[in-house]
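Engineer: What follows is a single structure, and I will ask about it in a moment.
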Amino acid sequence: MKSPKSRGAKPLLILLLVFVLPVAVAKLVLSLNLYHGGVTNKGELLPPDTNYARLAMANPMPKHWQMIYLLPSQCDRACMNRLYILHQSQIALGRDQHRVNPIILLQADSDLAALQQSEFNFTTAQATEALSQMLTRQEIIIVDPLGSLVMRYAQVEDEQAQLMLGKAMIADLRKMLKLSRVG
């Protein structure tokens, strides 16, 4: 006959394993970097403290989402494709297109002839030196309604890659607009 002491030890051991084992396994997996969380965004997230105020620039369109692009001194074919992608991305947002505004940032040496040559009517703003230095690689940046620079999309040369970048940007914008109560 089993003693009452040995009968109580088995359920206690099972109960302990049920609760402690998953925690121990999770700790082991995380400490060995075996888990890589799923990422759904296609652009590169910027540090949370990156905003217009830190870059010494006034928000050109407060309370609106923005896609900003710094117009280079020589707007080549890739640059013209970027302008096209900006315009088409806004249209592709459908009923949310009024919430997002493409803004072309200008410097003293920007190619204004390219803007006049394009058939799109973009909002323009003068870029500060700090923001110009941040956008040296001709990327597109998404800005939230509070003026924080949220996501970056690197420059690509190939026209097909530009189209894929536009689709990725639209997908990310749709997610952010769906979750946002501002703008």
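Every chain in the structure tokens takes a letter, A first, then B, and so on in the order presented; its residues are numbered from 1, and the ligands are numbered from 1 following the presented order.
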Give the alpha helix (DSSP H) residues of segment 27-95 of chain A, as assigned by DSSP on the backbone, as a ChimeraX atom specification.

Structural biologist: /A:27-31,77-92

Engineer: Please extract the residues of chain A with a backbone DSSP assignment of strand (DSSP E) and present them as a list in words.

Structural biologist: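 Here are the strand (DSSP E) residues of chain A: Glu44, Leu45, Trp65, Gln66, Met67, Ile68, Tyr69, Leu70, Val100, Asn101, Pro102, Ile103, Ile104, Leu105, Leu106, Thr123, Thr124, Ala125, Gln126, Ile140, Ile141, Ile142, Val143, Leu149, Val150, Met151, Arg152 and Tyr153 of chain A.
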
Engineer: Would you output that residue set with N, CA and C atoms, as a PDB file, in the first residue's frame?

Structural biologist:
```pdb
ATOM      1  N   GLU A  44      11.923  50.254 -43.597  1.00  0.00           N
ATOM      2  CA  GLU A  44      12.816  50.235 -42.440  1.00  0.00           C
ATOM      3  C   GLU A  44      12.289  51.213 -41.397  1.00  0.00           C
ATOM      4  N   LEU A  45      12.019  50.712 -40.199  1.00  0.00           N
ATOM      5  CA  LEU A  45      11.534  51.579 -39.131  1.00  0.00           C
ATOM      6  C   LEU A  45      12.642  52.520 -38.676  1.00  0.00           C
ATOM      7  N   TRP A  65      -0.931  62.416 -42.565  1.00  0.00           N
ATOM      8  CA  TRP A  65       0.176  61.513 -42.884  1.00  0.00           C
ATOM      9  C   TRP A  65       0.878  62.077 -44.107  1.00  0.00           C
ATOM     10  N   GLN A  66       2.177  61.861 -44.193  1.00  0.00           N
ATOM     11  CA  GLN A  66       2.954  62.414 -45.301  1.00  0.00           C
ATOM     12  C   GLN A  66       3.922  61.376 -45.855  1.00  0.00           C
ATOM     13  N   MET A  67       4.162  61.489 -47.154  1.00  0.00           N
ATOM     14  CA  MET A  67       5.245  60.749 -47.808  1.00  0.00           C
ATOM     15  C   MET A  67       6.183  61.836 -48.307  1.00  0.00           C
ATOM     16  N   ILE A  68       7.384  61.905 -47.728  1.00  0.00           N
ATOM     17  CA  ILE A  68       8.294  62.973 -48.126  1.00  0.00           C
ATOM     18  C   ILE A  68       9.427  62.416 -48.978  1.00  0.00           C
ATOM     19  N   TYR A  69       9.858  63.273 -49.906  1.00  0.00           N
ATOM     20  CA  TYR A  69      10.944  62.911 -50.814  1.00  0.00           C
ATOM     21  C   TYR A  69      11.753  64.168 -51.082  1.00  0.00           C
ATOM     22  N   LEU A  70      13.051  64.078 -50.916  1.00  0.00           N
ATOM     23  CA  LEU A  70      13.947  65.207 -51.162  1.00  0.00           C
ATOM     24  C   LEU A  70      14.335  65.227 -52.629  1.00  0.00           C
ATOM     25  N   VAL A 100      -3.359  61.104 -46.603  1.00  0.00           N
ATOM     26  CA  VAL A 100      -1.926  61.041 -46.889  1.00  0.00           C
ATOM     27  C   VAL A 100      -1.577  62.055 -47.977  1.00  0.00           C
ATOM     28  N   ASN A 101      -0.530  62.831 -47.740  1.00  0.00           N
ATOM     29  CA  ASN A 101      -0.101  63.837 -48.721  1.00  0.00           C
ATOM     30  C   ASN A 101       1.359  63.629 -49.093  1.00  0.00           C
ATOM     31  N   PRO A 102       1.649  63.502 -50.381  1.00  0.00           N
ATOM     32  CA  PRO A 102       3.053  63.464 -50.791  1.00  0.00           C
ATOM     33  C   PRO A 102       3.623  64.889 -50.758  1.00  0.00           C
ATOM     34  N   ILE A 103       4.790  65.021 -50.179  1.00  0.00           N
ATOM     35  CA  ILE A 103       5.441  66.330 -50.072  1.00  0.00           C
ATOM     36  C   ILE A 103       6.842  66.216 -50.647  1.00  0.00           C
ATOM     37  N   ILE A 104       7.163  67.127 -51.548  1.00  0.00           N
ATOM     38  CA  ILE A 104       8.501  67.172 -52.132  1.00  0.00           C
ATOM     39  C   ILE A 104       9.298  68.216 -51.369  1.00  0.00           C
ATOM     40  N   LEU A 105      10.381  67.779 -50.773  1.00  0.00           N
ATOM     41  CA  LEU A 105      11.253  68.689 -50.040  1.00  0.00           C
ATOM     42  C   LEU A 105      12.285  69.271 -51.000  1.00  0.00           C
ATOM     43  N   LEU A 106      12.510  70.558 -50.878  1.00  0.00           N
ATOM     44  CA  LEU A 106      13.423  71.259 -51.780  1.00  0.00           C
ATOM     45  C   LEU A 106      14.632  71.784 -51.022  1.00  0.00           C
ATOM     46  N   THR A 123       2.712  69.114 -53.200  1.00  0.00           N
ATOM     47  CA  THR A 123       2.989  70.126 -52.193  1.00  0.00           C
ATOM     48  C   THR A 123       4.493  70.136 -51.979  1.00  0.00           C
ATOM     49  N   THR A 124       5.074  71.326 -51.855  1.00  0.00           N
ATOM     50  CA  THR A 124       6.521  71.432 -51.642  1.00  0.00           C
ATOM     51  C   THR A 124       6.788  72.130 -50.311  1.00  0.00           C
ATOM     52  N   ALA A 125       7.952  71.870 -49.767  1.00  0.00           N
ATOM     53  CA  ALA A 125       8.399  72.511 -48.533  1.00  0.00           C
ATOM     54  C   ALA A 125       9.918  72.615 -48.592  1.00  0.00           C
ATOM     55  N   GLN A 126      10.440  73.618 -47.921  1.00  0.00           N
ATOM     56  CA  GLN A 126      11.892  73.815 -47.882  1.00  0.00           C
ATOM     57  C   GLN A 126      12.480  72.922 -46.794  1.00  0.00           C
ATOM     58  N   ILE A 140      12.306  57.562 -49.689  1.00  0.00           N
ATOM     59  CA  ILE A 140      10.990  58.104 -49.355  1.00  0.00           C
ATOM     60  C   ILE A 140      10.759  57.796 -47.882  1.00  0.00           C
ATOM     61  N   ILE A 141      10.251  58.787 -47.160  1.00  0.00           N
ATOM     62  CA  ILE A 141       9.998  58.645 -45.731  1.00  0.00           C
ATOM     63  C   ILE A 141       8.504  58.839 -45.470  1.00  0.00           C
ATOM     64  N   ILE A 142       7.941  57.999 -44.619  1.00  0.00           N
ATOM     65  CA  ILE A 142       6.560  58.188 -44.178  1.00  0.00           C
ATOM     66  C   ILE A 142       6.602  58.910 -42.835  1.00  0.00           C
ATOM     67  N   VAL A 143       5.777  59.964 -42.743  1.00  0.00           N
ATOM     68  CA  VAL A 143       5.716  60.781 -41.535  1.00  0.00           C
ATOM     69  C   VAL A 143       4.298  60.703 -40.978  1.00  0.00           C
ATOM     70  N   LEU A 149       9.002  60.921 -38.007  1.00  0.00           N
ATOM     71  CA  LEU A 149       9.398  60.165 -39.184  1.00  0.00           C
ATOM     72  C   LEU A 149       9.362  58.690 -38.800  1.00  0.00           C
ATOM     73  N   VAL A 150       8.519  57.924 -39.464  1.00  0.00           N
ATOM     74  CA  VAL A 150       8.215  56.571 -39.026  1.00  0.00           C
ATOM     75  C   VAL A 150       8.991  55.513 -39.791  1.00  0.00           C
ATOM     76  N   MET A 151       8.944  55.571 -41.123  1.00  0.00           N
ATOM     77  CA  MET A 151       9.475  54.487 -41.932  1.00  0.00           C
ATOM     78  C   MET A 151      10.196  55.025 -43.158  1.00  0.00           C
ATOM     79  N   ARG A 152      11.248  54.316 -43.552  1.00  0.00           N
ATOM     80  CA  ARG A 152      12.072  54.709 -44.682  1.00  0.00           C
ATOM     81  C   ARG A 152      12.040  53.624 -45.744  1.00  0.00           C
ATOM     82  N   TYR A 153      12.019  54.067 -47.010  1.00  0.00           N
ATOM     83  CA  TYR A 153      12.081  53.154 -48.153  1.00  0.00           C
ATOM     84  C   TYR A 153      13.281  53.566 -48.990  1.00  0.00           C
TER      85      TYR A 153
END
```

Engineer: Between atom CA of Pro62 of chain A and atom CA of Gly147 of chain A, what distance in Å does the model show, to one decimal?

Structural biologist: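 Going from atom CA of Pro62 of chain A over to atom CA of Gly147 of chain A covers 7.0 Å.
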
Engineer: Which residue gives the smallest distance to Met80 of chain A among A:Thr40, A:Ser31, A:Gln117, A:Ser132, with only C-alpha atoms counted?

Structural biologist: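 Nearest candidate to Met80 of chain A out of A:Thr40, A:Ser31, A:Gln117, A:Ser132: A:Gln117.
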
Engineer: Pick the closest to Thr128 of chain A from A:Pro11, A:Pro60, A:Pro145, A:Gly166: which is it, counting only C-alpha atoms?

Structural biologist: A:Pro60

Engineer: So how many Å separate atom CA of Arg95 of chain A and atom CA of Lys63 of chain A, to one decimal?

Structural biologist: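 Distance between the two atoms: 17.2 Å.
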
Engineer: Between A:Val20, A:His64, A:Leu163, A:Ile91, which is the closest to Val182 of chain A once you count only C-alpha atoms?

Structural biologist: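 Under the stated criterion, the closest residue is A:His64.
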